[in-house]
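Written out below as structure tokens is the structure these notes cover.
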Amino acid sequence: MIITLLTDFGTDSPYPGIMKGVVLGICPAAHVVDITHDIAPQDIEAAAFVLKGAFRWFPTGSVHCAVVDPGVGSDRAVLIVRAGEHLFTAPDNGILKYIFAEFPDARVWRAGNQAYFLPDVSRTFHGRDIFAPVAAHLTNGVSPEKIGTETEDYIRGEIRRSVIKPDSIRGEIIWFDRFGNAVTNIHESALKAAAGVTVRIGNRVIQGLSQSYSDREPGELLAVIGSFGYLELAVRNGNIKQALGLAAGDKIEIRF
Amino acid sequence: MIITLLTDFGTDSPYPGIMKGVVLGICPAAHVVDITHDIAPQDIEAAAFVLKGAFRWFPTGSVHCAVVDPGVGSDRAVLIVRAGEHLFTAPDNGILKYIFAEFPDARVWRAGNQAYFLPDVSRTFHGRDIFAPVAAHLTNGVSPEKIGTETEDYIRGEIRRSVIKPDSIRGEIIWFDRFGNAVTNIHESALKAAAGVTVRIGNRVIQGLSQSYSDREPGELLAVIGSFGYLELAVRNGNIKQALGLAAGDKIEIRF
Amino acid sequence: MIITLLTDFGTDSPYPGIMKGVVLGICPAAHVVDITHDIAPQDIEAAAFVLKGAFRWFPTGSVHCAVVDPGVGSDRAVLIVRAGEHLFTAPDNGILKYIFAEFPDARVWRAGNQAYFLPDVSRTFHGRDIFAPVAAHLTNGVSPEKIGTETEDYIRGEIRRSVIKPDSIRGEIIWFDRFGNAVTNIHESALKAAAGVTVRIGNRVIQGLSQSYSDREPGELLAVIGSFGYLELAVRNGNIKQALGLAAGDKIEIRF
């Protein structure tokens, strides 16, 4: 009976709490867990990546409610997705692109039955008026068929994949965690022969992959497989984003 | 069995967690929900407005515990308020002014029965020592009469209302949300004839009300009815507070 | 059935939510409460002090999971500690030093039974892979003996105590709360004769202890016994950290 919330509303804002009030009014037994509310405003790319990294650690049967929604108030659709044993509800804007890629058999519904929304739907806060009640009704066991109409017309989204060649990988920075560590789109599965690699970021070079942050001295650059299974670049006990002036989209090159 | 918390203690501080520990020691079945802990320090005005916007989205029977309390340690009273089907506990400093305005029949008690406080009440943290235990006992079904004495001697607070004339409305900015959107005290009920309005803020003019943020191009100023039912001023995909250098209390004028 | 979390992962990060997902997969009835996730990165000293101040407000039987862990991925041990009626799990790096000082009879185990970890333990996120599952199994009633081996070989840590003389106390700043108030290591028990004291911080002097923040005028420096029972220095309605440019470790002198 878990509902997760992932939004850009801000932990400091009252909006996540209001969503929980709506959820608990419909499904008093729900256990609502915040994944994060501090996605940079309207950064669908970061939200998609964080959701991909987080949802799999929750028990099957959880309902994941992801609301980064620059198009709120327009006619973008509200999606319900069943992917494996997980349910999702989110705006139709690409935020679920990694879910669609991982679960090619995912089923998708456009939520249109207003009986499962709040009675008065605002133009500006569908997190409260649509997504929270839909997630609560799904958790109560209402089937997606009752809330929406199955569709194949939705935004699958484009995944910026790393380019893997025999002697190199080219990727990019997708997201920074709180420590300023740069999380890339280069998956550990491409890095089996880790010992001899060279990682290039801008005009800096990192020799070899570390097994953990503590492998290097404080202040040293390092490359490590992070907790989401992707290559991360970091400064031991420091902040590589600030130290090198990095930004999402910056290119990474690995040579074997 | 919901208790909401609204404070200025900071999400980053341990104090909200400590309040939850106290609550759960008295009422293990309580479901504690954070509205926000990031009210600007001692900003009673913002806290009152956020509480007004948030409490109504929680199920009836919820207990709302609002602690923005510059007078902690002085002899200001601790209030318990029954307003409609909601219960509140808060310091007697105006933080409940919108509740009193909305519920003229609200009943108010001064909490004085120390049997329902923690045994040792500090001078600096009544959120932990008084408000959390009082909220937990109320949630356990203890009646306000047992915890306090009914009173009509409390701070009703002054509400800065907008001034509505046939051809204009004068209001002001009450609060900024996380995106920097400026929330005003001009309610949607005063804006029925929205099509032809002109909104003036400082020396800038916004023509017409938008139906949603996505009605305007990125970077454009816009005016919209926000999720609390009040006029909000915003920059599409931007931050109007920073862009125009706005502050709470800044005047807004609308002409029809 | 309470599990508390105290980390430096950041409230804005997805990692605390992921830990909750893991906990709830193992112990669905757990009530997970955040103490804070905003300890400054790798600040074991602040984490230890906040944990000491917070854990005692939770019901006995709670499991406290404290993960500030610069040595993640190295061979530092994972500890389980039974101290009085409380259980703790944390890395072996001194974060529990105040617990060991307060409970000389505490029993300590090195958690080594991987049956109680997640199946694949990463090198970078033991909060998810080890500490969260261990806390969940402890909450399910699994005994520490099953998860680990009792040991006396662990880091007890050094506590920076204030130096108490007949006419003076020398202490230091340990931690700043969200308001910028400076929390010191001078306990109220050393300050019984509070009336005539002089508090010296840098080249500033505060005469006498206040009973509460509201005893002084806005903008005035004050010294007060804070909610953790320690001397705090503050500016009424202000931020003493910024006003005086203070830092953790700054020395305080009290004269009677």
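Chain identifiers are assigned as A, B, and so on, following the order in which chains appear in the structure tokens; residues are numbered from 1 within each chain, and ligands are numbered from 1 in order of appearance.
Residues in contact with Ser214 in chain C at 6 Å, where only C-alpha atoms are counted and same-chain residues fewer than 2 positions away are skipped, are listed as Gly71 of chain B; Ser212 and Arg216 of chain C.
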Next, the residues of the selection above should be written as a PDB file, in the first residue's frame with all heavy atoms.
```
ATOM      1  N   GLY B  71       7.315  34.122  20.163  1.00  0.00           N
ATOM      2  CA  GLY B  71       7.141  34.394  21.588  1.00  0.00           C
ATOM      3  C   GLY B  71       7.370  33.194  22.485  1.00  0.00           C
ATOM      4  O   GLY B  71       6.991  33.224  23.655  1.00  0.00           O
TER       5      GLY B  71
ATOM      6  N   SER C 212      14.589  32.945  27.791  1.00  0.00           N
ATOM      7  CA  SER C 212      14.059  32.543  26.481  1.00  0.00           C
ATOM      8  C   SER C 212      14.487  33.605  25.475  1.00  0.00           C
ATOM      9  O   SER C 212      14.992  34.665  25.835  1.00  0.00           O
ATOM     10  CB  SER C 212      12.537  32.429  26.516  1.00  0.00           C
ATOM     11  OG  SER C 212      11.977  33.710  26.635  1.00  0.00           O
ATOM     12  N   ARG C 216      15.079  39.294  25.199  1.00  0.00           N
ATOM     13  CA  ARG C 216      15.893  40.396  24.689  1.00  0.00           C
ATOM     14  C   ARG C 216      15.181  41.086  23.540  1.00  0.00           C
ATOM     15  O   ARG C 216      14.227  40.562  22.967  1.00  0.00           O
ATOM     16  CB  ARG C 216      17.271  39.874  24.211  1.00  0.00           C
ATOM     17  CG  ARG C 216      18.091  39.226  25.327  1.00  0.00           C
ATOM     18  CD  ARG C 216      18.753  40.273  26.218  1.00  0.00           C
ATOM     19  NE  ARG C 216      19.331  39.664  27.420  1.00  0.00           N
ATOM     20  CZ  ARG C 216      20.637  39.669  27.711  1.00  0.00           C
ATOM     21  NH1 ARG C 216      21.500  40.249  26.886  1.00  0.00           N
ATOM     22  NH2 ARG C 216      21.076  39.109  28.818  1.00  0.00           N
TER      23      ARG C 216
END
```
| Would you list which chain B residues are within 9 Å of chain A using only C-alpha atoms, as number ranges by chain? | B: 1-2, 4, 6, 10-11, 33-39, 50-51, 53-60, 177-179, 211-215, 224-227, 229, 237
| Could you pull out the strand (DSSP E or B) residues of range 98-255 of chain A from DSSP and send them as a PyMOL selection string? | chain A and resi 107-111+148-150+163-165+168-176+182-187+198-201+204-207+210+221-225+230-235+251-255
Take the residues just selected and output them with N, CA and C atoms as a short mmCIF file (atom, residue, chain, number, x, y, z; two decimals), in the first residue's frame.
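Done, and the output landed in part.cif:
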```cif
data_model
loop_
_atom_site.label_atom_id
_atom_site.label_comp_id
_atom_site.auth_asym_id
_atom_site.auth_seq_id
_atom_site.Cartn_x
_atom_site.Cartn_y
_atom_site.Cartn_z
N ARG A 107 1.79 -1.52 -20.30
CA ARG A 107 0.48 -1.10 -20.80
C ARG A 107 0.21 0.33 -20.31
N VAL A 108 -0.41 1.11 -21.18
CA VAL A 108 -0.57 2.54 -20.92
C VAL A 108 -2.03 2.93 -21.10
N TRP A 109 -2.56 3.68 -20.13
CA TRP A 109 -3.92 4.22 -20.21
C TRP A 109 -3.87 5.75 -20.11
N ARG A 110 -4.78 6.39 -20.84
CA ARG A 110 -4.99 7.84 -20.64
C ARG A 110 -6.11 7.99 -19.62
N ALA A 111 -5.80 8.59 -18.47
CA ALA A 111 -6.80 8.74 -17.40
C ALA A 111 -7.78 9.84 -17.80
N GLY A 148 -9.19 4.99 -16.98
CA GLY A 148 -8.77 5.52 -18.27
C GLY A 148 -9.02 4.57 -19.42
N THR A 149 -8.53 4.97 -20.56
CA THR A 149 -8.69 4.23 -21.80
C THR A 149 -7.31 3.81 -22.28
N GLU A 150 -7.16 2.52 -22.61
CA GLU A 150 -5.84 2.08 -23.03
C GLU A 150 -5.45 2.75 -24.34
N VAL A 163 27.53 5.93 -26.44
CA VAL A 163 27.95 5.27 -27.69
C VAL A 163 29.15 4.40 -27.37
N ILE A 164 28.96 3.08 -27.54
CA ILE A 164 29.98 2.13 -27.11
C ILE A 164 30.70 1.58 -28.33
N LYS A 165 32.02 1.77 -28.37
CA LYS A 165 32.84 1.21 -29.45
C LYS A 165 33.88 0.30 -28.83
N SER A 168 36.39 2.64 -27.07
CA SER A 168 35.97 3.88 -26.40
C SER A 168 34.47 3.86 -26.10
N ILE A 169 34.09 4.70 -25.16
CA ILE A 169 32.67 4.98 -24.90
C ILE A 169 32.52 6.49 -24.82
N ARG A 170 31.51 7.01 -25.50
CA ARG A 170 31.18 8.43 -25.36
C ARG A 170 29.83 8.53 -24.66
N GLY A 171 29.79 9.32 -23.61
CA GLY A 171 28.54 9.52 -22.90
C GLY A 171 28.42 10.97 -22.45
N GLU A 172 27.52 11.21 -21.52
CA GLU A 172 27.36 12.58 -21.03
C GLU A 172 26.85 12.57 -19.60
N ILE A 173 26.90 13.73 -18.98
CA ILE A 173 26.39 13.89 -17.61
C ILE A 173 24.88 14.06 -17.67
N ILE A 174 24.16 13.27 -16.88
CA ILE A 174 22.70 13.32 -16.86
C ILE A 174 22.19 14.11 -15.66
N TRP A 175 22.88 14.01 -14.54
CA TRP A 175 22.31 14.50 -13.28
C TRP A 175 23.42 14.64 -12.26
N PHE A 176 23.27 15.60 -11.35
CA PHE A 176 24.21 15.75 -10.24
C PHE A 176 23.49 15.40 -8.94
N ALA A 182 28.84 13.84 -10.43
CA ALA A 182 28.26 13.88 -11.77
C ALA A 182 27.89 12.47 -12.20
N VAL A 183 26.59 12.21 -12.34
CA VAL A 183 26.12 10.90 -12.75
C VAL A 183 25.97 10.90 -14.27
N THR A 184 26.58 9.89 -14.92
CA THR A 184 26.59 9.84 -16.38
C THR A 184 25.64 8.77 -16.89
N ASN A 185 25.48 8.73 -18.21
CA ASN A 185 24.65 7.70 -18.83
C ASN A 185 25.47 6.48 -19.28
N ILE A 186 26.63 6.28 -18.67
CA ILE A 186 27.47 5.13 -19.02
C ILE A 186 27.27 4.05 -17.97
N HIS A 187 26.66 2.94 -18.39
CA HIS A 187 26.27 1.90 -17.43
C HIS A 187 27.45 0.98 -17.12
N THR A 198 40.75 5.11 -19.24
CA THR A 198 41.03 6.53 -19.05
C THR A 198 39.72 7.28 -19.25
N VAL A 199 39.37 8.13 -18.30
CA VAL A 199 38.14 8.90 -18.41
C VAL A 199 38.51 10.35 -18.67
N ARG A 200 37.92 10.94 -19.74
CA ARG A 200 38.23 12.32 -20.08
C ARG A 200 36.96 13.16 -19.91
N ILE A 201 37.08 14.25 -19.15
CA ILE A 201 35.98 15.19 -18.98
C ILE A 201 36.58 16.58 -19.17
N ARG A 204 40.36 17.44 -18.48
CA ARG A 204 40.89 16.68 -17.35
C ARG A 204 40.81 15.18 -17.66
N VAL A 205 41.76 14.43 -17.10
CA VAL A 205 41.81 12.99 -17.33
C VAL A 205 41.85 12.26 -15.99
N ILE A 206 41.04 11.22 -15.87
CA ILE A 206 41.06 10.37 -14.68
C ILE A 206 41.55 9.00 -15.11
N GLN A 207 42.59 8.50 -14.46
CA GLN A 207 43.17 7.20 -14.80
C GLN A 207 42.52 6.11 -13.95
N SER A 210 37.83 3.70 -9.65
CA SER A 210 37.98 3.37 -8.24
C SER A 210 36.89 2.38 -7.84
N LEU A 221 40.38 13.75 -8.09
CA LEU A 221 39.31 13.33 -9.00
C LEU A 221 39.22 11.81 -9.00
N LEU A 222 38.01 11.31 -9.15
CA LEU A 222 37.87 9.86 -9.28
C LEU A 222 36.64 9.52 -10.11
N ALA A 223 36.65 8.31 -10.65
CA ALA A 223 35.51 7.76 -11.40
C ALA A 223 35.12 6.46 -10.72
N VAL A 224 33.82 6.26 -10.53
CA VAL A 224 33.36 5.13 -9.74
C VAL A 224 31.99 4.72 -10.27
N ILE A 225 31.63 3.44 -10.12
CA ILE A 225 30.26 3.03 -10.44
C ILE A 225 29.38 3.44 -9.26
N TYR A 230 25.54 3.46 -12.64
CA TYR A 230 26.14 4.24 -13.72
C TYR A 230 27.45 4.86 -13.26
N LEU A 231 28.32 5.13 -14.24
CA LEU A 231 29.58 5.80 -13.95
C LEU A 231 29.32 7.17 -13.35
N GLU A 232 29.97 7.45 -12.24
CA GLU A 232 29.92 8.76 -11.62
C GLU A 232 31.32 9.33 -11.55
N LEU A 233 31.41 10.63 -11.74
CA LEU A 233 32.67 11.34 -11.56
C LEU A 233 32.56 12.18 -10.29
N ALA A 234 33.64 12.20 -9.52
CA ALA A 234 33.57 12.87 -8.23
C ALA A 234 34.94 13.41 -7.85
N VAL A 235 34.94 14.30 -6.87
CA VAL A 235 36.15 14.67 -6.15
C VAL A 235 36.02 14.07 -4.76
N LYS A 251 30.03 16.33 -22.09
CA LYS A 251 30.43 15.05 -22.69
C LYS A 251 31.54 14.38 -21.89
N ILE A 252 31.48 13.05 -21.87
CA ILE A 252 32.48 12.21 -21.22
C ILE A 252 33.03 11.26 -22.27
N GLU A 253 34.33 11.04 -22.26
CA GLU A 253 34.88 10.03 -23.15
C GLU A 253 35.73 9.05 -22.34
N ILE A 254 35.50 7.77 -22.62
CA ILE A 254 36.29 6.72 -21.96
C ILE A 254 37.09 5.99 -23.03
N ARG A 255 38.35 5.75 -22.72
CA ARG A 255 39.18 4.95 -23.62
C ARG A 255 39.73 3.76 -22.85
#
```
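Here CA of Arg76 in chain C is placed at a distance of 11.2 Å from CA of Gly94 in chain C.
When CA of His137 in chain B is paired with CA of Thr89 in chain B, their separation reads 11.3 Å.
Taking the backbone of this structure through DSSP, the residues of range 149-221 of chain C that come out as helix (DSSP H, G or I) are Glu188, Ser189, Ala190, Tyr213, Ser214 and Asp215 of chain C.
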Do you know which residues are at most 9 Å from Phe131 in chain C counting only C-alpha atoms, after dropping those on the same chain fewer than 2 positions away, and could you put them as a CSV table (one decimal) with all heavy atoms, in the first residue's frame?
```csv
chain,number,residue,atom,x,y,z
C,19,MET,N,16.0,4.3,0.7
C,19,MET,CA,16.2,3.6,1.9
C,19,MET,C,14.8,3.2,2.5
C,19,MET,O,14.6,2.0,3.0
C,19,MET,CB,16.9,4.4,3.0
C,19,MET,CG,18.4,4.6,2.6
C,19,MET,SD,19.3,5.6,3.9
C,19,MET,CE,19.3,4.5,5.3
C,65,CYS,N,18.9,4.6,12.7
C,65,CYS,CA,19.8,4.3,11.6
C,65,CYS,C,20.5,5.5,11.2
C,65,CYS,O,19.9,6.4,10.6
C,65,CYS,CB,19.0,3.7,10.5
C,65,CYS,SG,19.9,3.2,9.0
C,66,ALA,N,21.8,5.6,11.5
C,66,ALA,CA,22.6,6.9,11.3
C,66,ALA,C,23.7,6.6,10.3
C,66,ALA,O,24.6,5.9,10.6
C,66,ALA,CB,23.2,7.4,12.6
C,67,VAL,N,23.6,7.3,9.1
C,67,VAL,CA,24.6,7.0,8.1
C,67,VAL,C,25.2,8.2,7.6
C,67,VAL,O,24.7,8.9,6.7
C,67,VAL,CB,23.9,6.2,6.9
C,67,VAL,CG1,24.9,5.8,5.9
C,67,VAL,CG2,23.1,5.0,7.4
C,78,VAL,N,30.3,-2.3,10.1
C,78,VAL,CA,28.9,-1.9,10.3
C,78,VAL,C,28.5,-2.3,11.8
C,78,VAL,O,28.6,-3.5,12.1
C,78,VAL,CB,28.0,-2.6,9.3
C,78,VAL,CG1,26.5,-2.3,9.7
C,78,VAL,CG2,28.3,-2.1,7.9
C,89,THR,N,22.0,1.4,14.4
C,89,THR,CA,22.9,0.8,13.4
C,89,THR,C,23.6,2.0,12.7
C,89,THR,O,22.9,2.9,12.3
C,89,THR,CB,22.2,-0.2,12.5
C,89,THR,OG1,23.2,-0.8,11.6
C,89,THR,CG2,21.1,0.4,11.7
C,90,ALA,N,24.9,1.8,12.5
C,90,ALA,CA,25.7,3.0,12.0
C,90,ALA,C,27.1,2.5,11.6
C,90,ALA,O,27.5,1.4,12.1
C,90,ALA,CB,25.8,4.0,13.1
C,91,PRO,N,27.8,3.2,10.8
C,91,PRO,CA,29.2,2.8,10.5
C,91,PRO,C,30.1,3.0,11.7
C,91,PRO,O,29.7,3.9,12.6
C,91,PRO,CB,29.6,3.8,9.4
C,91,PRO,CG,28.6,4.9,9.4
C,91,PRO,CD,27.3,4.4,10.0
C,117,PHE,N,21.6,-8.5,4.6
C,117,PHE,CA,21.8,-7.3,3.7
C,117,PHE,C,21.0,-7.5,2.4
C,117,PHE,O,20.4,-8.6,2.2
C,117,PHE,CB,23.3,-7.3,3.3
C,117,PHE,CG,24.3,-7.2,4.5
C,117,PHE,CD1,25.7,-7.3,4.3
C,117,PHE,CD2,23.8,-6.9,5.8
C,117,PHE,CE1,26.6,-7.2,5.3
C,117,PHE,CE2,24.7,-6.8,6.8
C,117,PHE,CZ,26.1,-7.0,6.6
C,126,HIS,N,25.8,2.0,1.1
C,126,HIS,CA,25.5,1.0,2.1
C,126,HIS,C,24.3,1.4,2.9
C,126,HIS,O,23.7,0.5,3.5
C,126,HIS,CB,26.7,0.8,3.1
C,126,HIS,CG,27.8,0.1,2.4
C,126,HIS,ND1,29.0,-0.3,3.1
C,126,HIS,CD2,28.0,-0.4,1.1
C,126,HIS,CE1,29.8,-1.0,2.3
C,126,HIS,NE2,29.2,-1.0,1.1
C,127,GLY,N,23.9,2.7,2.9
C,127,GLY,CA,22.6,3.1,3.5
C,127,GLY,C,21.5,2.2,2.9
C,127,GLY,O,20.6,1.8,3.7
C,128,ARG,N,21.5,2.0,1.6
C,128,ARG,CA,20.4,1.2,1.0
C,128,ARG,C,20.7,-0.3,1.1
C,128,ARG,O,19.8,-1.0,1.4
C,128,ARG,CB,20.4,1.6,-0.5
C,128,ARG,CG,19.5,0.7,-1.4
C,128,ARG,CD,19.8,1.0,-2.9
C,128,ARG,NE,21.1,0.4,-3.2
C,128,ARG,CZ,21.7,0.7,-4.4
C,128,ARG,NH1,21.2,1.6,-5.2
C,128,ARG,NH2,22.9,0.2,-4.6
C,129,ASP,N,21.9,-0.7,1.0
C,129,ASP,CA,22.2,-2.1,0.8
C,129,ASP,C,22.5,-2.8,2.1
C,129,ASP,O,22.3,-4.0,2.2
C,129,ASP,CB,23.5,-2.3,-0.1
C,129,ASP,CG,23.3,-1.6,-1.5
C,129,ASP,OD1,22.1,-1.5,-1.9
C,129,ASP,OD2,24.3,-1.2,-2.1
C,133,PRO,N,18.4,-2.4,5.3
C,133,PRO,CA,17.9,-3.8,5.6
C,133,PRO,C,18.2,-4.2,7.0
C,133,PRO,O,17.3,-4.9,7.7
C,133,PRO,CB,18.5,-4.7,4.6
C,133,PRO,CG,19.6,-3.8,3.9
C,133,PRO,CD,19.2,-2.4,4.1
C,134,VAL,N,19.3,-3.9,7.6
C,134,VAL,CA,19.6,-4.3,9.0
C,134,VAL,C,18.6,-3.7,9.9
C,134,VAL,O,18.1,-4.3,10.8
C,134,VAL,CB,21.1,-3.9,9.3
C,134,VAL,CG1,21.3,-4.0,10.8
C,134,VAL,CG2,22.1,-4.9,8.6
C,135,ALA,N,18.3,-2.4,9.7
C,135,ALA,CA,17.4,-1.7,10.6
C,135,ALA,C,16.0,-2.4,10.5
C,135,ALA,O,15.3,-2.5,11.5
C,135,ALA,CB,17.3,-0.2,10.2
C,136,ALA,N,15.6,-2.7,9.3
C,136,ALA,CA,14.3,-3.3,9.1
C,136,ALA,C,14.2,-4.7,9.7
C,136,ALA,O,13.2,-5.1,10.3
C,136,ALA,CB,14.0,-3.4,7.6
```
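Taking CA of Leu246 in chain B as the reference point, CA of Gly202 in chain B is found at 9.0 Å.
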| request: Would you list the contacts of His86 in chain C as JSON, numbers by chain, taking every protein, DNA or RNA residue within 7 Å and counting only C-alpha atoms, but skipping same-chain residues closer than 5 positions in sequence? | output: {"C": [60, 61, 62, 63]}
